[in-house]
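Below is one structure, written out as structure tokens, with a few remarks after it.
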Amino acid sequence: MVTAHAFVRVCDACGAHHDYADPVWRCACGGVLSLRDVVPARPAGSGTGVWRYASSLPPVPDMHRVSLGEGQTPLIRVGALPGDVRAKLEFLSPTGAFKDRGNAVAVARLKHIGVSHVLEDSSGNAGASLAAYCAAAGVHCTVYVPASTPAAKLVQMRVAGANVVTVPGPRAAAAVAALAAAADMYYANPAWDPFFFEGTKTAAFELVEQLDGRAPARVLLPVGQGTMLLGLAKGFRELLGTGRIQRVPRLIAVQSDACAPLWEVFHRRLSALPAVSAPVRMLADGIATASPLRWAAIIAEVRASGGEILRVPEAAIPGAVLRLGKHGLFVEPTSATVWAAAEHLLARDRDLDGTTVLVLSGAGLKATTVVDAWLAPRDDAPRS
């Protein structure tokens, strides 16, 4: 039986403890809160969604659990690349992005402990997902977004009843505005909330199930704040701790050359984040994160797994989106970075041993206007 004691948060800066029900999103000293205890990965139970793994998740009573059917996304073979390459179709999540896993757990806990209004800043997917899960939970939601946020994602948030606040300037400006407002409200940003990673870790559980009890050799995924990577790492470690897998897969974080602070830290072996500015507009907008909050933890997990951080050119993204589309997979530009990274690995290493998993994190329907501009002119297109 999982108890609240196993989910005590510890401040990374001062070591202060905050119990499961404490409705704070950061320490009084300003430090980031992390879960230190590792809960054993127990077999899935009945039902659907991430709550199949309730025995390995925070102790939320049935009446407070929130689910829109997230999780159990397909893992398919990708025959277009040599070797055993498979795609984890996270873009088939209820709101079209992997964030649903994390929000199912994080929002359920907030509902359970009595939080009635949350806020977040987002470039789109995280805000759309939070808005949907808050709507399902009966929790009020405010999302601060950069003015460049794709219209489709704004509509998703508003349809779910979120109060959307548009902030001029780059992605970072929305974060500053949200943090200022968070003095009076719970800041449900995934990077700050370690309970979010409890939801994303279920992707690791699923991958091992889908691969008949074995771990893949490597997992490629786009990384901005690293909320999926940190969840996967936690999930694989929990599986390793119970002997269900023999090793943690190599975690390969993918960034765009328009904003790649983690690549800089990893390859230059820096002890601090470099000064990086994300453009106001970039194709891989979902990973336009100049200052990842848990950058040190991301670097540590990548190194511990024997993985690496790759940087792909923004110029390679349109072609990657279209090549994926030719195989029936319509993803947003951020997700397509992993296809470009896989092509780079194959060109560099010539052969990829074992199973390679590409995490396709967000749906292309959220970026139709951008992608339409990359397509060849249609025969019925208006002529000038």
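Here's how to read the names in the structure tokens: chain A, B, ... by the order shown, residue numbers from 1 in each chain, ligand numbers from 1 in the order shown.
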Legend entry - Residue list (strand (DSSP E), DSSP) for stretch 182-343 of chain A, as a ChimeraX atom specification: /A:186-187,218-222,250-256,308-312
Inset, instruction - For stretch 343-355 of chain A, please output as a list in words all residues within 8 Å (counting only C-alpha atoms; exclusion window: fewer than 2 positions along the same chain). - result: Leu81, Pro82, Gly83, Asp84, Val85, Arg86, Pro216, Ala217, Arg218, Trp339, Ala340, Ala341 and Val357 of chain A
Deliver the residues from the most recent selection as a file, using N, CA and C atoms, as an mmCIF file, in the first residue's frame.
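Writing the result to selection-v3.cif gives the following:
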```cif
data_model
loop_
_atom_site.group_PDB
_atom_site.id
_atom_site.type_symbol
_atom_site.label_atom_id
_atom_site.label_comp_id
_atom_site.auth_asym_id
_atom_site.auth_seq_id
_atom_site.Cartn_x
_atom_site.Cartn_y
_atom_site.Cartn_z
ATOM 1 N N LEU A 81 13.032 3.515 -41.058
ATOM 2 C CA LEU A 81 14.406 3.604 -40.557
ATOM 3 C C LEU A 81 14.934 2.189 -40.337
ATOM 4 N N PRO A 82 16.213 1.955 -40.624
ATOM 5 C CA PRO A 82 16.772 0.609 -40.442
ATOM 6 C C PRO A 82 16.852 0.219 -38.970
ATOM 7 N N GLY A 83 16.788 -1.078 -38.726
ATOM 8 C CA GLY A 83 16.861 -1.577 -37.356
ATOM 9 C C GLY A 83 15.493 -1.612 -36.704
ATOM 10 N N ASP A 84 15.483 -1.922 -35.421
ATOM 11 C CA ASP A 84 14.239 -2.016 -34.663
ATOM 12 C C ASP A 84 13.914 -0.654 -34.060
ATOM 13 N N VAL A 85 13.280 0.194 -34.868
ATOM 14 C CA VAL A 85 12.905 1.537 -34.424
ATOM 15 C C VAL A 85 11.393 1.582 -34.238
ATOM 16 N N ARG A 86 10.963 2.081 -33.098
ATOM 17 C CA ARG A 86 9.538 2.145 -32.797
ATOM 18 C C ARG A 86 9.167 3.542 -32.315
ATOM 19 N N PRO A 216 13.873 -0.877 -23.756
ATOM 20 C CA PRO A 216 14.521 -0.557 -25.029
ATOM 21 C C PRO A 216 15.986 -0.218 -24.809
ATOM 22 N N ALA A 217 16.749 -0.230 -25.880
ATOM 23 C CA ALA A 217 18.160 0.137 -25.764
ATOM 24 C C ALA A 217 18.330 1.632 -25.548
ATOM 25 N N ARG A 218 17.472 2.414 -26.188
ATOM 26 C CA ARG A 218 17.562 3.872 -26.100
ATOM 27 C C ARG A 218 16.193 4.481 -26.342
ATOM 28 N N TRP A 339 12.819 12.629 -34.950
ATOM 29 C CA TRP A 339 13.055 11.954 -36.232
ATOM 30 C C TRP A 339 14.364 12.460 -36.837
ATOM 31 N N ALA A 340 14.543 13.776 -36.814
ATOM 32 C CA ALA A 340 15.794 14.349 -37.327
ATOM 33 C C ALA A 340 16.982 13.835 -36.526
ATOM 34 N N ALA A 341 16.808 13.685 -35.206
ATOM 35 C CA ALA A 341 17.893 13.178 -34.362
ATOM 36 C C ALA A 341 18.191 11.718 -34.668
ATOM 37 N N VAL A 357 13.384 3.711 -29.300
ATOM 38 C CA VAL A 357 12.034 4.272 -29.190
ATOM 39 C C VAL A 357 12.094 5.775 -29.411
#
```
Legend entry - Residue nearest A:Leu360 among A:Gly169, A:Gly231, A:Pro222, A:Gly199 (counting only C-alpha atoms):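 For A:Leu360, the nearest of the candidates is A:Pro222.
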Inset, instruction - as a PyMOL selection string, list the residues of stretch 153-367 of chain A assigned to alpha helix (DSSP H) by DSSP on the backbone atoms of this structure. - result: chain A and resi 153-159+171-181+194-200+202-210+227-241+261-268+295-304+317-325+333-349
Give me a file of those residues, with C-alpha atoms, as a JSON list (two decimals), in the first residue's frame.
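Saved file again_9.json follows:
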```json
[["chain", "number", "residue", "atom", "x", "y", "z"],
["A", 153, "LYS", "CA", -3.66, 25.60, -28.52],
["A", 154, "LEU", "CA", -5.30, 28.79, -27.25],
["A", 155, "VAL", "CA", -8.67, 27.52, -28.42],
["A", 156, "GLN", "CA", -8.09, 24.24, -26.54],
["A", 157, "MET", "CA", -7.48, 26.14, -23.30],
["A", 158, "ARG", "CA", -10.48, 28.40, -23.71],
["A", 159, "VAL", "CA", -12.85, 25.59, -24.65],
["A", 171, "ARG", "CA", 8.26, 32.47, -23.83],
["A", 172, "ALA", "CA", 10.23, 33.64, -20.78],
["A", 173, "ALA", "CA", 8.03, 36.73, -20.41],
["A", 174, "ALA", "CA", 4.97, 34.54, -19.81],
["A", 175, "ALA", "CA", 6.88, 32.68, -17.09],
["A", 176, "VAL", "CA", 7.82, 35.92, -15.35],
["A", 177, "ALA", "CA", 4.21, 37.12, -15.40],
["A", 178, "ALA", "CA", 2.91, 33.80, -14.07],
["A", 179, "LEU", "CA", 5.46, 33.69, -11.25],
["A", 180, "ALA", "CA", 4.41, 37.18, -10.17],
["A", 181, "ALA", "CA", 0.78, 36.04, -10.00],
["A", 194, "PRO", "CA", 7.36, 16.62, -8.77],
["A", 195, "PHE", "CA", 3.96, 14.91, -8.72],
["A", 196, "PHE", "CA", 3.77, 15.59, -12.46],
["A", 197, "PHE", "CA", 6.72, 13.22, -12.98],
["A", 198, "GLU", "CA", 4.75, 10.52, -11.20],
["A", 199, "GLY", "CA", 2.39, 10.63, -14.16],
["A", 200, "THR", "CA", 5.02, 10.71, -16.88],
["A", 202, "THR", "CA", 4.01, 5.55, -16.37],
["A", 203, "ALA", "CA", 5.30, 5.80, -19.96],
["A", 204, "ALA", "CA", 8.32, 3.76, -18.82],
["A", 205, "PHE", "CA", 6.03, 1.12, -17.31],
["A", 206, "GLU", "CA", 4.06, 0.93, -20.56],
["A", 207, "LEU", "CA", 7.14, 0.66, -22.76],
["A", 208, "VAL", "CA", 8.41, -2.34, -20.83],
["A", 209, "GLU", "CA", 4.99, -3.99, -21.01],
["A", 210, "GLN", "CA", 4.77, -3.31, -24.75],
["A", 227, "THR", "CA", 9.29, 16.62, -17.57],
["A", 228, "MET", "CA", 8.94, 13.49, -19.70],
["A", 229, "LEU", "CA", 12.63, 12.61, -19.47],
["A", 230, "LEU", "CA", 12.69, 12.94, -15.67],
["A", 231, "GLY", "CA", 9.53, 10.84, -15.43],
["A", 232, "LEU", "CA", 10.89, 8.14, -17.73],
["A", 233, "ALA", "CA", 14.15, 8.01, -15.78],
["A", 234, "LYS", "CA", 12.23, 7.62, -12.52],
["A", 235, "GLY", "CA", 9.99, 4.93, -13.94],
["A", 236, "PHE", "CA", 12.86, 2.92, -15.38],
["A", 237, "ARG", "CA", 14.79, 3.19, -12.10],
["A", 238, "GLU", "CA", 11.77, 1.89, -10.19],
["A", 239, "LEU", "CA", 11.52, -1.05, -12.58],
["A", 240, "LEU", "CA", 15.24, -1.69, -12.21],
["A", 241, "GLY", "CA", 14.90, -1.64, -8.43],
["A", 261, "PRO", "CA", 21.06, 25.23, -23.21],
["A", 262, "LEU", "CA", 21.17, 21.56, -22.15],
["A", 263, "TRP", "CA", 23.28, 20.68, -25.18],
["A", 264, "GLU", "CA", 25.73, 23.42, -24.18],
["A", 265, "VAL", "CA", 25.99, 22.17, -20.59],
["A", 266, "PHE", "CA", 26.36, 18.53, -21.63],
["A", 267, "HIS", "CA", 28.95, 18.95, -24.37],
["A", 268, "ARG", "CA", 30.93, 21.81, -22.85],
["A", 295, "TRP", "CA", 18.66, 21.25, -15.70],
["A", 296, "ALA", "CA", 21.15, 19.61, -13.33],
["A", 297, "ALA", "CA", 18.82, 16.65, -12.74],
["A", 298, "ILE", "CA", 18.28, 16.26, -16.49],
["A", 299, "ILE", "CA", 22.02, 16.23, -17.16],
["A", 300, "ALA", "CA", 22.57, 13.76, -14.33],
["A", 301, "GLU", "CA", 19.89, 11.37, -15.61],
["A", 302, "VAL", "CA", 21.21, 11.49, -19.16],
["A", 303, "ARG", "CA", 24.76, 10.80, -18.03],
["A", 304, "ALA", "CA", 23.72, 8.04, -15.62],
["A", 317, "ILE", "CA", 12.37, 20.17, -38.80],
["A", 318, "PRO", "CA", 10.04, 20.80, -41.78],
["A", 319, "GLY", "CA", 11.50, 17.85, -43.68],
["A", 320, "ALA", "CA", 11.21, 15.65, -40.60],
["A", 321, "VAL", "CA", 7.54, 16.58, -40.16],
["A", 322, "LEU", "CA", 6.80, 15.76, -43.79],
["A", 323, "ARG", "CA", 8.73, 12.47, -43.75],
["A", 324, "LEU", "CA", 6.82, 11.36, -40.67],
["A", 325, "GLY", "CA", 3.62, 12.39, -42.42],
["A", 333, "PRO", "CA", 7.35, 20.43, -35.20],
["A", 334, "THR", "CA", 8.65, 19.88, -31.67],
["A", 335, "SER", "CA", 8.02, 16.13, -31.92],
["A", 336, "ALA", "CA", 9.66, 15.90, -35.32],
["A", 337, "THR", "CA", 13.01, 16.82, -33.78],
["A", 338, "VAL", "CA", 13.38, 13.20, -32.65],
["A", 339, "TRP", "CA", 13.06, 11.95, -36.23],
["A", 340, "ALA", "CA", 15.79, 14.35, -37.33],
["A", 341, "ALA", "CA", 17.89, 13.18, -34.36],
["A", 342, "ALA", "CA", 17.35, 9.51, -35.26],
["A", 343, "GLU", "CA", 18.50, 10.20, -38.82],
["A", 344, "HIS", "CA", 21.59, 11.90, -37.38],
["A", 345, "LEU", "CA", 22.36, 8.92, -35.14],
["A", 346, "LEU", "CA", 22.03, 6.50, -38.05],
["A", 347, "ALA", "CA", 24.29, 8.61, -40.23],
["A", 348, "ARG", "CA", 26.84, 8.84, -37.43],
["A", 349, "ASP", "CA", 26.74, 5.32, -36.00]]
```
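Among the candidates A:Ala183, A:Val39, A:Ala131, A:Val223, the residue lying nearest to A:Ile309 is A:Val223 (atoms considered: only C-alpha atoms).
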Inset, instruction - Tell me, in Å to one decimal, how far atom CA of A:Arg52 is from atom CA of A:Val248. - result: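 Atom CA of A:Val248 lies 22.1 Å from atom CA of A:Arg52.
The shell of residues at most 12 Å from A:Gly161, with only C-alpha atoms counted and near chain neighbours (fewer than 5 positions) removed, consists of Gly127, Ala128, Ser129, Leu130, Ala131, Ala132, Tyr133, Cys134, Ala135, Ala136, Gly138, Val139, His140, Cys141, Thr142, Val143, Leu154, Val155 and Gln156 of chain A.
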Legend entry - Which of A:Glu308, A:Ala315, A:Val371, A:Trp192 sits closest to A:Pro292 [using only C-alpha atoms]: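 Among the listed residues, A:Trp192 lies closest to A:Pro292.
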Inset, instruction - Write out as a ChimeraX atom specification which residues come within 9 Å of A:Phe7 when counting only C-alpha atoms, dropping same-chain ones fewer than 6 positions away. - result: /A:19-20,35-39,58-59,195
Inset, instruction - Grab the atom CA of A:Leu57 to atom CA of A:Val105 distance for me, in Å with one decimal place. - result: 7.9 Å
Inset, instruction - Fewer than 5 positions away in the same chain doesn't count, so skip those; otherwise give me all residues within 7 Å of A:Leu220, counting only C-alpha atoms, as a VMD selection string. - result: chain A and resid 251 to 254 338 357 to 359
Residue selection dump (N, CA and C atoms) as an mmCIF file, in the first residue's frame:
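Result went into selection-v2.cif, see below:
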```cif
data_model
loop_
_atom_site.group_PDB
_atom_site.id
_atom_site.type_symbol
_atom_site.label_atom_id
_atom_site.label_comp_id
_atom_site.auth_asym_id
_atom_site.auth_seq_id
_atom_site.Cartn_x
_atom_site.Cartn_y
_atom_site.Cartn_z
ATOM 1 N N LEU A 251 19.059 7.423 -22.396
ATOM 2 C CA LEU A 251 18.122 8.518 -22.614
ATOM 3 C C LEU A 251 18.795 9.568 -23.496
ATOM 4 N N ILE A 252 18.192 9.837 -24.635
ATOM 5 C CA ILE A 252 18.778 10.779 -25.592
ATOM 6 C C ILE A 252 17.840 11.965 -25.721
ATOM 7 N N ALA A 253 18.260 13.072 -25.129
ATOM 8 C CA ALA A 253 17.469 14.297 -25.132
ATOM 9 C C ALA A 253 17.758 15.077 -26.411
ATOM 10 N N VAL A 254 16.693 15.567 -27.035
ATOM 11 C CA VAL A 254 16.840 16.275 -28.307
ATOM 12 C C VAL A 254 16.409 17.727 -28.138
ATOM 13 N N VAL A 338 12.816 14.521 -32.958
ATOM 14 C CA VAL A 338 13.379 13.205 -32.647
ATOM 15 C C VAL A 338 13.630 12.394 -33.916
ATOM 16 N N VAL A 357 13.384 3.711 -29.300
ATOM 17 C CA VAL A 357 12.034 4.272 -29.190
ATOM 18 C C VAL A 357 12.094 5.775 -29.411
ATOM 19 N N LEU A 358 11.236 6.259 -30.302
ATOM 20 C CA LEU A 358 11.083 7.688 -30.541
ATOM 21 C C LEU A 358 9.788 8.138 -29.869
ATOM 22 N N VAL A 359 9.885 9.069 -28.941
ATOM 23 C CA VAL A 359 8.691 9.587 -28.279
ATOM 24 C C VAL A 359 8.142 10.738 -29.118
#
```
Inset, instruction - May I ask which of the residues A:Val312, A:Val145, A:Leu75, A:Val107 is the closest one to A:Val167, counting only C-alpha atoms? - result: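 Between A:Val312, A:Val145, A:Leu75, A:Val107, the residue approaching A:Val167 most closely is A:Val145.
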Legend entry - A:Asp193, A:Ser67, A:Val118, A:Ala284 ranked by distance to A:Arg9, top pick (using only C-alpha atoms):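 Of A:Asp193, A:Ser67, A:Val118, A:Ala284, the one nearest A:Arg9, counting only C-alpha atoms, is A:Asp193.
Put simply, atom CA of A:Asp372 is 26.4 Å away from atom CA of A:Thr73.
With only C-alpha atoms as the atoms that count, the residue of A:Asn103, A:Gly226, A:Gly286, A:Cys259 with the shortest distance to A:Pro274 is A:Cys259.
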